[in-house]
Amino acid sequence: MSDYIKQLKMLLLAKLKGFKLMDKSPSVFAIIKENKIKAIVKDQGEFVIVNIAGKDYKYDKWYTKPEHLANVLVNYLQQSS
């Protein structure tokens, strides 16, 4: 598991109440609420791919730090719940 994913997961666990994180592999985890997958996060080298509602969003790790991506995910997931 990359340091980026470790940091992102720690931040999400601290900020997302009522959600669970489930590892699918060392580089992929799902964000779950009420036994439904709300998002899948994949580490792909220099990029992180977030799949929400069947759409992929690609974030460059150089420009998008874990803190920023965590804030984006928290804002989206709390609004859509």
# chains A, B, ... in the order shown; residues from 1 in each chain; ligands from 1
call {"tool": "select_by_dssp", "arguments": {"residues": "chain A", "states": "alpha helix (DSSP H)", "output": "PyMOL selection string"}}
result
chain A and resi 3-15+66-80
call {"tool": "residues_around", "arguments": {"residues": "Val50 in chain A", "least_positions_apart": "5", "cutoff": "9 Å", "atoms": "only C-alpha atoms", "output": "VMD selection string"}}
result
chain A and resid 39 to 43 55 to 59
call {"tool": "write_last_selection", "arguments": {"atoms": "N, CA and C atoms", "output": "mmCIF file, in the first residue's frame"}}
result
data_model
loop_
_atom_site.group_PDB
_atom_site.id
_atom_site.type_symbol
_atom_site.label_atom_id
_atom_site.label_comp_id
_atom_site.auth_asym_id
_atom_site.auth_seq_id
_atom_site.Cartn_x
_atom_site.Cartn_y
_atom_site.Cartn_z
ATOM 1 N N ALA A 39 -17.954 4.648 -3.441
ATOM 2 C CA ALA A 39 -16.809 5.045 -4.264
ATOM 3 C C ALA A 39 -15.741 3.968 -4.175
ATOM 4 N N ILE A 40 -14.952 3.870 -5.247
ATOM 5 C CA ILE A 40 -13.789 2.988 -5.270
ATOM 6 C C ILE A 40 -12.582 3.846 -5.610
ATOM 7 N N VAL A 41 -11.528 3.702 -4.812
ATOM 8 C CA VAL A 41 -10.311 4.496 -4.987
ATOM 9 C C VAL A 41 -9.184 3.549 -5.382
ATOM 10 N N LYS A 42 -8.517 3.871 -6.509
ATOM 11 C CA LYS A 42 -7.429 3.033 -7.029
ATOM 12 C C LYS A 42 -6.154 3.855 -7.161
ATOM 13 N N ASP A 43 -5.074 3.318 -6.654
ATOM 14 C CA ASP A 43 -3.759 3.934 -6.815
ATOM 15 C C ASP A 43 -3.137 3.351 -8.075
ATOM 16 N N LYS A 55 -18.511 6.553 -12.957
ATOM 17 C CA LYS A 55 -17.636 7.504 -13.645
ATOM 18 C C LYS A 55 -16.278 7.534 -12.966
ATOM 19 N N ASP A 56 -15.223 7.562 -13.773
ATOM 20 C CA ASP A 56 -13.862 7.639 -13.246
ATOM 21 C C ASP A 56 -13.376 9.085 -13.218
ATOM 22 N N TYR A 57 -12.783 9.457 -12.107
ATOM 23 C CA TYR A 57 -12.170 10.772 -11.946
ATOM 24 C C TYR A 57 -10.694 10.541 -11.657
ATOM 25 N N LYS A 58 -9.829 11.164 -12.448
ATOM 26 C CA LYS A 58 -8.393 10.931 -12.362
ATOM 27 C C LYS A 58 -7.714 12.124 -11.696
ATOM 28 N N TYR A 59 -6.955 11.833 -10.639
ATOM 29 C CA TYR A 59 -6.244 12.877 -9.896
ATOM 30 C C TYR A 59 -4.744 12.608 -9.947
#
call {"tool": "closest_residue", "arguments": {"among": "A:Leu11, A:Ile5, A:Leu16, A:Glu46", "to": "Gln78 in chain A", "atoms": "only C-alpha atoms"}}
result
A:Leu16
call {"tool": "closest_residue", "arguments": {"among": "A:Leu77, A:Lys24, A:Gly45, A:Leu12", "to": "Trp62 in chain A", "atoms": "only C-alpha atoms"}}
result
A:Gly45
call {"tool": "atom_distance", "arguments": {"atom1": "CA of Lys33 in chain A", "atom2": "CA of Phe19 in chain A"}}
result
4.8 Å
call {"tool": "closest_residue", "arguments": {"among": "A:Lys61, A:His68, A:Lys6, A:Lys36", "to": "Gly18 in chain A", "atoms": "only C-alpha atoms"}}
result
A:Lys36
call {"tool": "atom_distance", "arguments": {"atom1": "CA of Ile32 in chain A", "atom2": "CA of Ser2 in chain A"}}
result
20.7 Å
call {"tool": "atom_distance", "arguments": {"atom1": "CA of Gln79 in chain A", "atom2": "CA of Lys9 in chain A"}}
result
19.3 Å
call {"tool": "residues_around", "arguments": {"residues": "Glu67 in chain A", "least_positions_apart": "2", "cutoff": "10 Å", "atoms": "only C-alpha atoms", "output": "list in words"}}
result
Tyr4, Gln7, Leu8, Met10, Leu11, Leu12, Thr64, Lys65, Leu69, Ala70, Asn71 and Val72 of chain A
call {"tool": "decode", "arguments": {"residues": "chain A", "atoms": "C-alpha atoms", "output": "JSON list (two decimals), in the first residue's frame"}}
result
[["chain", "number", "residue", "atom", "x", "y", "z"],
["A", 1, "MET", "CA", 0.00, 0.00, 0.00],
["A", 2, "SER", "CA", 1.41, 3.37, -0.98],
["A", 3, "ASP", "CA", 1.98, 6.18, 1.49],
["A", 4, "TYR", "CA", -0.54, 8.26, -0.46],
["A", 5, "ILE", "CA", -3.29, 5.66, 0.04],
["A", 6, "LYS", "CA", -2.37, 5.21, 3.72],
["A", 7, "GLN", "CA", -2.63, 8.97, 4.33],
["A", 8, "LEU", "CA", -5.86, 9.24, 2.35],
["A", 9, "LYS", "CA", -7.47, 6.40, 4.30],
["A", 10, "MET", "CA", -6.45, 7.91, 7.67],
["A", 11, "LEU", "CA", -7.93, 11.27, 6.70],
["A", 12, "LEU", "CA", -11.15, 9.70, 5.42],
["A", 13, "LEU", "CA", -11.61, 7.60, 8.56],
["A", 14, "ALA", "CA", -11.26, 10.72, 10.68],
["A", 15, "LYS", "CA", -13.70, 12.80, 8.63],
["A", 16, "LEU", "CA", -16.35, 10.38, 7.29],
["A", 17, "LYS", "CA", -18.85, 9.38, 9.94],
["A", 18, "GLY", "CA", -21.12, 6.44, 9.13],
["A", 19, "PHE", "CA", -18.89, 5.18, 6.32],
["A", 20, "LYS", "CA", -16.55, 2.17, 6.22],
["A", 21, "LEU", "CA", -13.41, 1.60, 4.19],
["A", 22, "MET", "CA", -12.84, -1.87, 2.76],
["A", 23, "ASP", "CA", -9.55, -2.94, 1.19],
["A", 24, "LYS", "CA", -9.95, -4.77, -2.10],
["A", 25, "SER", "CA", -6.21, -5.03, -2.76],
["A", 26, "PRO", "CA", -3.07, -3.17, -1.62],
["A", 27, "SER", "CA", -3.81, -0.41, -4.12],
["A", 28, "VAL", "CA", -7.64, -0.38, -4.14],
["A", 29, "PHE", "CA", -10.23, 0.34, -1.46],
["A", 30, "ALA", "CA", -13.95, 0.95, -1.39],
["A", 31, "ILE", "CA", -15.90, 3.55, 0.58],
["A", 32, "ILE", "CA", -19.08, 1.93, 1.85],
["A", 33, "LYS", "CA", -22.23, 3.19, 3.56],
["A", 34, "GLU", "CA", -25.17, 0.98, 4.54],
["A", 35, "ASN", "CA", -23.57, -1.98, 2.72],
["A", 36, "LYS", "CA", -23.50, -0.07, -0.58],
["A", 37, "ILE", "CA", -20.29, 0.93, -2.35],
["A", 38, "LYS", "CA", -20.29, 4.70, -2.74],
["A", 39, "ALA", "CA", -16.81, 5.04, -4.26],
["A", 40, "ILE", "CA", -13.79, 2.99, -5.27],
["A", 41, "VAL", "CA", -10.31, 4.50, -4.99],
["A", 42, "LYS", "CA", -7.43, 3.03, -7.03],
["A", 43, "ASP", "CA", -3.76, 3.93, -6.81],
["A", 44, "GLN", "CA", -2.25, 3.75, -10.30],
["A", 45, "GLY", "CA", 1.31, 4.96, -9.98],
["A", 46, "GLU", "CA", 1.35, 8.71, -10.48],
["A", 47, "PHE", "CA", -2.43, 8.94, -10.45],
["A", 48, "VAL", "CA", -5.35, 8.09, -8.18],
["A", 49, "ILE", "CA", -8.56, 7.04, -9.91],
["A", 50, "VAL", "CA", -11.83, 7.54, -8.03],
["A", 51, "ASN", "CA", -14.89, 5.75, -9.39],
["A", 52, "ILE", "CA", -18.20, 7.24, -8.27],
["A", 53, "ALA", "CA", -21.52, 6.18, -9.81],
["A", 54, "GLY", "CA", -19.78, 4.48, -12.74],
["A", 55, "LYS", "CA", -17.64, 7.50, -13.65],
["A", 56, "ASP", "CA", -13.86, 7.64, -13.25],
["A", 57, "TYR", "CA", -12.17, 10.77, -11.95],
["A", 58, "LYS", "CA", -8.39, 10.93, -12.36],
["A", 59, "TYR", "CA", -6.24, 12.88, -9.90],
["A", 60, "ASP", "CA", -2.53, 13.53, -10.34],
["A", 61, "LYS", "CA", -0.74, 12.80, -7.04],
["A", 62, "TRP", "CA", 1.73, 15.62, -7.67],
["A", 63, "TYR", "CA", -1.01, 18.27, -7.76],
["A", 64, "THR", "CA", -3.65, 16.64, -5.55],
["A", 65, "LYS", "CA", -2.30, 15.93, -2.08],
["A", 66, "PRO", "CA", -4.11, 13.39, 0.14],
["A", 67, "GLU", "CA", -5.60, 16.20, 2.26],
["A", 68, "HIS", "CA", -7.17, 17.82, -0.80],
["A", 69, "LEU", "CA", -8.58, 14.60, -2.24],
["A", 70, "ALA", "CA", -9.95, 13.64, 1.19],
["A", 71, "ASN", "CA", -11.78, 16.98, 1.40],
["A", 72, "VAL", "CA", -13.25, 16.50, -2.09],
["A", 73, "LEU", "CA", -14.45, 12.98, -1.25],
["A", 74, "VAL", "CA", -15.85, 13.99, 2.15],
["A", 75, "ASN", "CA", -17.77, 16.93, 0.66],
["A", 76, "TYR", "CA", -19.22, 14.80, -2.15],
["A", 77, "LEU", "CA", -20.11, 11.79, -0.01],
["A", 78, "GLN", "CA", -21.74, 13.80, 2.75],
["A", 79, "GLN", "CA", -23.88, 15.70, 0.26],
["A", 80, "SER", "CA", -24.95, 12.59, -1.66],
["A", 81, "SER", "CA", -25.90, 10.59, 1.45]]
